[in-house]
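Reading through the structure tokens given below for one structure.
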Amino acid sequence: MSVIVSADNLSQVYEVRRGLFAKPLGLKAVKEASFTVEEGETLAIVGESGCGKSTLARILTMIEEPTEGELIIDGVSISAGHSEGAKRLRSTVQIVFQNPYGALNPRQKVGAIITEPLKINTSLSGQQRREKAEAMLSQVGLRPEHYNRYPHMFSGGQRQRIAIARALILDPKILVLDEPVSALDVSIQAAVLNLLADLQDGLKLTYIFISHDLSVVRHVADRVLVMYLGRPVEIAPKEALYAGPRHPYTKALLSATPATNPNERGERIRLSGELPSPFDPPPGCSFNPRCPYANERCRTERPLLTEHGPTKVACFAVEEGRI
Amino acid sequence: MTLLTIRNLSVTFDTASGPFKAVDGFDLVVEAGEILGIVGESGSGKSVAMLGLMGLLPPSATVTADALAFEGHDMRAIGARERRRLIGAEMSMIFQEPMSSLNPCFTVGYQIKESLRIHLGLDRKARHRRAIELLEQVGLPEPERRLSAFPHQLSGGMSQRVMIAMATACHPKLLIADEPTTALDVTIQAQILDLLVDLQKDHKMAMILITHDMGVVAETAHRVVVQYAGQQVERQSVETLFVEPHHPYTSALLSAIPERATGDRLPTIPGVVPGQGDRPNGCLFNPRCDRTDDICRTVVPPHQSAALGEALCHYPLNTAGKAA
């Protein structure tokens, strides 16, 4: 297996105006994120809202250019200020968004939605585009006669299938899935997850699966990257992460996920407090105000990702053997 | 002691394409001090049934019931004035979207004190004291300062805490929580669920928890009602529901949860929840069920015995050793 995506120290800073004359504040949505994705695997990115998952998705799909750092996708480098590579990669990386109700233009027919990428990126004739789109519709579990319908005629699960069809029509190698099932009911969610698994097997796709739902991630991922306040705090193979989470935040996240077994209601790690404001991140480790293991060093120095067995974790408590 | 009795509640909406029955034959008995979970997919009528009870539905809705009794009050015959006296005091509700449930024009303090003034008639000083106390109870840091905060200055979790403070301000006997944690992150969800369960124990109030998340139900509820297409398909205690579901829909719903899956593909339920125009004859679940036969397609199933979870099914599952 070869590395298809490699991110090196990616950062994204947004300037946020806070009044007419006030100096704009820099909001660091993603900070020094480094990771790699192997061809054909599923890397899950988990974390709570505001941790930078979606910003990372926007960088990976080249909707936004990172303010710092370098991203190499399929051998082509995209770095801050050099985005010529991006154009070539547009059809290699595609994205499926969270909300299938908002992601499809209600005034376009399904056919137009799916063929638009072909119109822009290929020189296929109208007839060829239509054939390709109809084949894609059946591949995602819809019927070719849906080609002439409008998005409002479909349920949430079917709309997500349309969004997946649109993303796959250019034969991408990498699919970024930004919370693809979180707006769906559990029975529909299962069907969409199965479809994604079938497509991955059939088309040899690489998935970057962004989610906040750890039970879904456990089902789909090969490796998991946990983010907190813009930084990766733990990267581990799925088995290792679920069997023995290392970072205190990962532990809390796992134990906060409700177990679907009423006999397992037990004492859980309850985090106190909420995510700190990204405008004013705490000094040292950004998790220290909520961490039960925080000491003086955690409050002043910032831990870096270090390897512990199969896991990479950014925590002093783990490094010093305190947990 | 029985707090709430609902028998055969139906809610019908007048729509442009004819009447639509959103809730059909809804029965519910809530004892004082218990947590009852209502689960179902979107469109199964779980919220509408509760809004019907509270009298919060728009005029296009027709609510009928054989019995709708709360603490000896007949909620069907009750006048608007009387209803307003009960709602917010004896029975209150928290909603899914904490951000949009608070009025953005008024401070948190004003909104909490409003119900204290109207229902309890406390004077200004007592209201202020009580409001601070309430915010402390729901675990909001710096309660005194928060009273003068506007909703947009609060995060989702904090807004939900404020909503809970408002809903429990008058020590209600029944709290209806409609998807209270759906919009929140898991760590915050865990905090809010803990808070609700603690308050429920402290005040000995009953709670109806509406959710689509089986995990939330497993974590908090004592009894569970499973709702499908406006009908209750199963009623059981939470311990047995997760081990021995009796209705095929419950069973399918449970096995579709990624956490319980064994293989690398999830078991799914084919088809979709029937809408207004495509209601099947007989059992509403028959087009999606793998045990369907001709009886299911023609005859409306009865509720089975309590030992079989009162499953609304001709052929309930896990019947071994149970009287039909």
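By convention here, the chains of the structure tokens are called A, B, ... in the order presented, each chain's residues are numbered starting at 1, and ligands are numbered starting at 1 in the order presented.
Within 6 Å of Asp24 of chain B, once only C-alpha atoms are used and residues closer than 6 positions along the same chain are dropped, the contacting residues are Ser10, Gly230 and Gln231 of chain B.
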Since we have the selection now, will you write its residues out, keeping N, CA and C atoms, as a compact mmCIF listing (two decimals), in the first residue's frame?
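As a result, out18.txt now contains:
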```txt
# COMPACT_ATOMS: atom_id res chain seq x y z
N SER B 10 -55.31 10.07 18.84
CA SER B 10 -55.04 10.19 17.41
C SER B 10 -54.88 11.66 17.07
N GLY B 230 -46.61 6.30 13.24
CA GLY B 230 -47.74 6.79 14.00
C GLY B 230 -48.32 5.78 14.97
N GLN B 231 -47.86 4.52 14.91
CA GLN B 231 -48.40 3.51 15.81
C GLN B 231 -47.34 3.05 16.80
```
Could you work out which residues of chain A fall inside 6 Å of chain B? Count only C-alpha atoms, and format the result as a VMD selection string.
chain A and resid 48 185 187 190 to 191 194 215 to 216 219 256 258 to 262 265
Picked from segment 187-284 of chain A by DSSP as alpha helix (DSSP H), as a PDB file with C-alpha atoms, in the first residue's frame:
```pdb
ATOM      1  CA  SER A 187     -32.076   2.201   9.475  1.00  0.00           C
ATOM      2  CA  ILE A 188     -31.274   4.528   6.559  1.00  0.00           C
ATOM      3  CA  GLN A 189     -27.836   5.165   8.011  1.00  0.00           C
ATOM      4  CA  ALA A 190     -27.101   1.447   7.910  1.00  0.00           C
ATOM      5  CA  ALA A 191     -28.073   1.245   4.232  1.00  0.00           C
ATOM      6  CA  VAL A 192     -25.887   4.217   3.278  1.00  0.00           C
ATOM      7  CA  LEU A 193     -22.926   2.834   5.253  1.00  0.00           C
ATOM      8  CA  ASN A 194     -23.305  -0.482   3.442  1.00  0.00           C
ATOM      9  CA  LEU A 195     -23.416   1.303   0.104  1.00  0.00           C
ATOM     10  CA  LEU A 196     -20.225   3.191   0.962  1.00  0.00           C
ATOM     11  CA  ALA A 197     -18.522  -0.067   1.937  1.00  0.00           C
ATOM     12  CA  ASP A 198     -19.616  -1.737  -1.336  1.00  0.00           C
ATOM     13  CA  LEU A 199     -18.396   1.210  -3.392  1.00  0.00           C
ATOM     14  CA  GLN A 200     -15.062   1.227  -1.605  1.00  0.00           C
ATOM     15  CA  ASP A 201     -14.532  -2.459  -2.333  1.00  0.00           C
ATOM     16  CA  GLY A 202     -15.672  -2.159  -5.940  1.00  0.00           C
ATOM     17  CA  LEU A 203     -13.895   1.054  -6.908  1.00  0.00           C
ATOM     18  CA  LEU A 214     -17.786   6.884  17.510  1.00  0.00           C
ATOM     19  CA  SER A 215     -20.003   3.862  17.003  1.00  0.00           C
ATOM     20  CA  VAL A 216     -20.256   4.592  13.278  1.00  0.00           C
ATOM     21  CA  VAL A 217     -16.515   5.186  13.100  1.00  0.00           C
ATOM     22  CA  ARG A 218     -15.854   1.875  14.777  1.00  0.00           C
ATOM     23  CA  HIS A 219     -17.793   0.203  12.031  1.00  0.00           C
ATOM     24  CA  VAL A 220     -16.202   1.898   9.022  1.00  0.00           C
ATOM     25  CA  LYS A 238      -9.135   1.297  14.995  1.00  0.00           C
ATOM     26  CA  GLU A 239      -8.558  -1.871  17.030  1.00  0.00           C
ATOM     27  CA  ALA A 240      -5.947  -0.198  19.216  1.00  0.00           C
ATOM     28  CA  LEU A 241      -8.054   2.914  19.728  1.00  0.00           C
ATOM     29  CA  TYR A 242     -11.192   1.107  20.819  1.00  0.00           C
ATOM     30  CA  ALA A 243      -9.352  -1.497  22.879  1.00  0.00           C
ATOM     31  CA  PRO A 248      -7.569  11.313  28.157  1.00  0.00           C
ATOM     32  CA  TYR A 249      -9.833  13.084  25.667  1.00  0.00           C
ATOM     33  CA  THR A 250     -10.251   9.936  23.574  1.00  0.00           C
ATOM     34  CA  LYS A 251     -11.046   8.022  26.762  1.00  0.00           C
ATOM     35  CA  ALA A 252     -13.708  10.542  27.726  1.00  0.00           C
ATOM     36  CA  LEU A 253     -15.150  10.605  24.224  1.00  0.00           C
ATOM     37  CA  LEU A 254     -15.447   6.826  24.152  1.00  0.00           C
ATOM     38  CA  SER A 255     -17.016   6.598  27.555  1.00  0.00           C
ATOM     39  CA  ALA A 256     -19.475   9.408  26.810  1.00  0.00           C
TER      40      ALA A 256
END
```
What's around segment 302-306 of chain A at 12 Å? Count only C-alpha atoms, leave out sequence neighbours fewer than 3 positions away in its own chain, and write the answer as an mmCIF file with N, CA and C atoms, in the first residue's frame.
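Output below, filename around-v1.cif:
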```cif
data_model
loop_
_atom_site.group_PDB
_atom_site.id
_atom_site.type_symbol
_atom_site.label_atom_id
_atom_site.label_comp_id
_atom_site.auth_asym_id
_atom_site.auth_seq_id
_atom_site.Cartn_x
_atom_site.Cartn_y
_atom_site.Cartn_z
ATOM 1 N N ASN A 9 2.075 19.496 8.745
ATOM 2 C CA ASN A 9 1.912 20.767 9.455
ATOM 3 C C ASN A 9 0.862 21.698 8.874
ATOM 4 N N LYS A 31 -4.567 23.445 13.452
ATOM 5 C CA LYS A 31 -3.215 23.818 13.836
ATOM 6 C C LYS A 31 -2.252 22.658 13.665
ATOM 7 N N GLU A 32 -1.268 22.848 12.819
ATOM 8 C CA GLU A 32 -0.165 21.898 12.680
ATOM 9 C C GLU A 32 -0.628 20.450 12.632
ATOM 10 N N ALA A 33 -1.536 20.182 11.718
ATOM 11 C CA ALA A 33 -2.010 18.810 11.573
ATOM 12 C C ALA A 33 -1.122 18.069 10.588
ATOM 13 N N SER A 34 -0.542 16.958 11.041
ATOM 14 C CA SER A 34 0.250 16.114 10.163
ATOM 15 C C SER A 34 -0.294 14.701 10.230
ATOM 16 N N PHE A 35 -0.533 14.123 9.084
ATOM 17 C CA PHE A 35 -0.993 12.734 9.051
ATOM 18 C C PHE A 35 -0.841 12.208 7.634
ATOM 19 N N LEU A 225 -8.304 9.316 13.623
ATOM 20 C CA LEU A 225 -7.569 10.493 14.069
ATOM 21 C C LEU A 225 -8.518 11.302 14.951
ATOM 22 N N VAL A 226 -8.127 11.523 16.187
ATOM 23 C CA VAL A 226 -8.979 12.272 17.106
ATOM 24 C C VAL A 226 -8.475 13.709 17.175
ATOM 25 N N MET A 227 -9.371 14.655 16.971
ATOM 26 C CA MET A 227 -8.953 16.057 17.005
ATOM 27 C C MET A 227 -9.558 16.762 18.201
ATOM 28 N N ARG A 231 -6.203 20.500 16.801
ATOM 29 C CA ARG A 231 -4.997 19.685 16.735
ATOM 30 C C ARG A 231 -5.327 18.197 16.835
ATOM 31 N N PRO A 232 -4.608 17.372 16.083
ATOM 32 C CA PRO A 232 -4.759 15.935 16.295
ATOM 33 C C PRO A 232 -4.168 15.579 17.656
ATOM 34 N N VAL A 233 -4.919 14.858 18.488
ATOM 35 C CA VAL A 233 -4.365 14.467 19.779
ATOM 36 C C VAL A 233 -4.047 12.974 19.828
ATOM 37 N N GLU A 234 -4.661 12.204 18.934
ATOM 38 C CA GLU A 234 -4.348 10.785 18.899
ATOM 39 C C GLU A 234 -4.625 10.241 17.510
ATOM 40 N N ILE A 235 -3.679 9.456 16.991
ATOM 41 C CA ILE A 235 -3.895 8.759 15.727
ATOM 42 C C ILE A 235 -3.591 7.300 15.992
ATOM 43 N N ALA A 236 -4.543 6.425 15.704
ATOM 44 C CA ALA A 236 -4.313 5.020 16.027
ATOM 45 C C ALA A 236 -5.118 4.138 15.103
ATOM 46 N N ARG A 246 -5.537 6.037 24.428
ATOM 47 C CA ARG A 246 -4.445 6.544 25.249
ATOM 48 C C ARG A 246 -4.716 7.955 25.753
ATOM 49 N N HIS A 247 -5.120 8.844 24.858
ATOM 50 C CA HIS A 247 -5.295 10.235 25.261
ATOM 51 C C HIS A 247 -6.521 10.370 26.174
ATOM 52 N N PRO A 281 -7.291 30.049 23.066
ATOM 53 C CA PRO A 281 -7.019 28.688 23.538
ATOM 54 C C PRO A 281 -6.153 28.728 24.789
ATOM 55 N N PRO A 282 -6.361 27.780 25.696
ATOM 56 C CA PRO A 282 -5.566 27.772 26.918
ATOM 57 C C PRO A 282 -4.095 27.516 26.586
ATOM 58 N N PRO A 283 -3.174 28.056 27.394
ATOM 59 C CA PRO A 283 -1.762 27.791 27.143
ATOM 60 C C PRO A 283 -1.442 26.326 27.437
ATOM 61 N N GLY A 284 -0.340 25.853 26.866
ATOM 62 C CA GLY A 284 0.025 24.463 27.077
ATOM 63 C C GLY A 284 -0.856 23.553 26.248
ATOM 64 N N CYS A 285 -1.166 22.400 26.807
ATOM 65 C CA CYS A 285 -2.037 21.448 26.134
ATOM 66 C C CYS A 285 -3.444 22.017 26.110
ATOM 67 N N SER A 286 -4.084 22.046 24.939
ATOM 68 C CA SER A 286 -5.395 22.715 24.889
ATOM 69 C C SER A 286 -6.459 21.954 25.670
ATOM 70 N N PHE A 287 -6.207 20.716 26.022
ATOM 71 C CA PHE A 287 -7.188 19.937 26.768
ATOM 72 C C PHE A 287 -7.038 20.122 28.278
ATOM 73 N N ASN A 288 -5.961 20.830 28.734
ATOM 74 C CA ASN A 288 -5.660 20.815 30.176
ATOM 75 C C ASN A 288 -6.773 21.307 31.115
ATOM 76 N N ALA A 294 -4.156 16.671 34.350
ATOM 77 C CA ALA A 294 -3.303 17.804 34.011
ATOM 78 C C ALA A 294 -2.407 18.195 35.185
ATOM 79 N N GLU A 296 1.388 20.790 36.141
ATOM 80 C CA GLU A 296 2.004 22.074 35.810
ATOM 81 C C GLU A 296 2.540 22.090 34.380
ATOM 82 N N ARG A 297 3.193 20.998 33.995
ATOM 83 C CA ARG A 297 3.805 20.940 32.669
ATOM 84 C C ARG A 297 2.739 21.057 31.577
ATOM 85 N N CYS A 298 1.576 20.388 31.802
ATOM 86 C CA CYS A 298 0.481 20.426 30.823
ATOM 87 C C CYS A 298 -0.038 21.836 30.642
ATOM 88 N N ARG A 299 0.055 22.644 31.717
ATOM 89 C CA ARG A 299 -0.501 23.986 31.639
ATOM 90 C C ARG A 299 0.449 24.976 30.976
ATOM 91 N N GLY A 309 3.726 2.439 20.780
ATOM 92 C CA GLY A 309 3.206 1.253 20.110
ATOM 93 C C GLY A 309 2.601 1.661 18.774
ATOM 94 N N PRO A 310 1.407 1.148 18.480
ATOM 95 C CA PRO A 310 0.786 1.480 17.194
ATOM 96 C C PRO A 310 0.169 2.881 17.200
ATOM 97 N N THR A 311 0.094 3.486 18.386
ATOM 98 C CA THR A 311 -0.646 4.732 18.546
ATOM 99 C C THR A 311 0.299 5.923 18.558
ATOM 100 N N LYS A 312 -0.160 7.026 17.947
ATOM 101 C CA LYS A 312 0.557 8.285 18.114
ATOM 102 C C LYS A 312 -0.314 9.154 18.997
ATOM 103 N N VAL A 313 0.256 9.671 20.077
ATOM 104 C CA VAL A 313 -0.577 10.433 20.991
ATOM 105 C C VAL A 313 0.177 11.671 21.478
ATOM 106 N N ALA A 314 -0.553 12.766 21.654
ATOM 107 C CA ALA A 314 0.052 14.007 22.130
ATOM 108 C C ALA A 314 -0.412 14.244 23.559
ATOM 109 N N CYS A 315 0.317 13.675 24.522
ATOM 110 C CA CYS A 315 -0.089 13.846 25.913
ATOM 111 C C CYS A 315 1.119 13.625 26.817
ATOM 112 N N PHE A 316 1.344 14.548 27.749
ATOM 113 C CA PHE A 316 2.461 14.393 28.685
ATOM 114 C C PHE A 316 2.207 13.279 29.680
ATOM 115 N N ALA A 317 0.944 13.128 30.062
ATOM 116 C CA ALA A 317 0.629 12.101 31.053
ATOM 117 C C ALA A 317 0.972 10.715 30.517
ATOM 118 N N VAL A 318 0.723 10.506 29.219
ATOM 119 C CA VAL A 318 1.067 9.221 28.611
ATOM 120 C C VAL A 318 2.587 9.098 28.511
ATOM 121 N N GLU A 319 3.225 10.195 28.071
ATOM 122 C CA GLU A 319 4.670 10.209 27.901
ATOM 123 C C GLU A 319 5.401 9.897 29.212
ATOM 124 N N GLU A 320 4.886 10.491 30.300
ATOM 125 C CA GLU A 320 5.542 10.324 31.596
ATOM 126 C C GLU A 320 5.071 9.077 32.315
#
```
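Across the model, the gap from atom CA of Arg143 of chain A to atom CA of Gly45 of chain B is 29.4 Å.
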Using DSSP on the backbone, list every residue of segment 140-314 of chain B that comes out as strand (DSSP E or B), and give them as a VMD selection string.
chain B and resid 174 to 178 206 to 211 223 to 228 231 to 237 303 312
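When the distance limit is 6 Å and only C-alpha atoms are what count, the residues near Ala206 of chain B, minus those fewer than 6 positions from it on the same chain, are Ala32, Gly33, Glu34, Ile35 and Leu174 of chain B.
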Save out the residues we just selected, C-alpha atoms, as a PDB file, in the first residue's frame.
```pdb
ATOM      1  CA  ALA B  32     -45.004   9.230  38.968  1.00  0.00           C
ATOM      2  CA  GLY B  33     -41.224   9.265  39.070  1.00  0.00           C
ATOM      3  CA  GLU B  34     -40.427   6.999  36.135  1.00  0.00           C
ATOM      4  CA  ILE B  35     -38.464   7.645  32.957  1.00  0.00           C
ATOM      5  CA  LEU B 174     -43.926  15.580  34.407  1.00  0.00           C
TER       6      LEU B 174
END
```
At a cut-off of 6 Å, using only C-alpha atoms, what residues contact His247 of chain B? Leave out same-chain residues fewer than 3 positions from it and give the result as a list in words.
Thr250, Ala311 and Pro316 of chain B
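The space separating atom CA of Leu60 of chain A from atom CA of Val140 of chain A comes to 23.8 Å.
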Neighbours of Arg223 of chain B within 6 Å (only C-alpha atoms; same-chain residues fewer than 6 positions away dropped), as a PDB file with C-alpha atoms, in the first residue's frame?
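Listed below is the output, selection_31.pdb:
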```pdb
ATOM      1  CA  LEU B  36     -40.274   6.526  29.861  1.00  0.00           C
ATOM      2  CA  GLN B 236     -41.401  -2.996  27.161  1.00  0.00           C
ATOM      3  CA  SER B 237     -39.024  -2.463  30.015  1.00  0.00           C
ATOM      4  CA  VAL B 238     -35.630  -1.314  28.826  1.00  0.00           C
TER       5      VAL B 238
END
```
Which residues come within 12 Å of Gly121 of chain B, counting only C-alpha atoms, excluding same-chain residues fewer than 6 positions away, as a list in words?
Ala89, Lys113, Glu114, Ser115, Arg127 and Cys170 of chain B
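The spacing separating atom CA of Leu10 of chain A from atom CA of Gly69 of chain A amounts to 4.3 Å.
Among the candidate residues A:Ala183, A:Ile95, A:Ile323, A:Ala133, the one lying nearest to Pro245 of chain A is A:Ile323, with distances computed using only C-alpha atoms.
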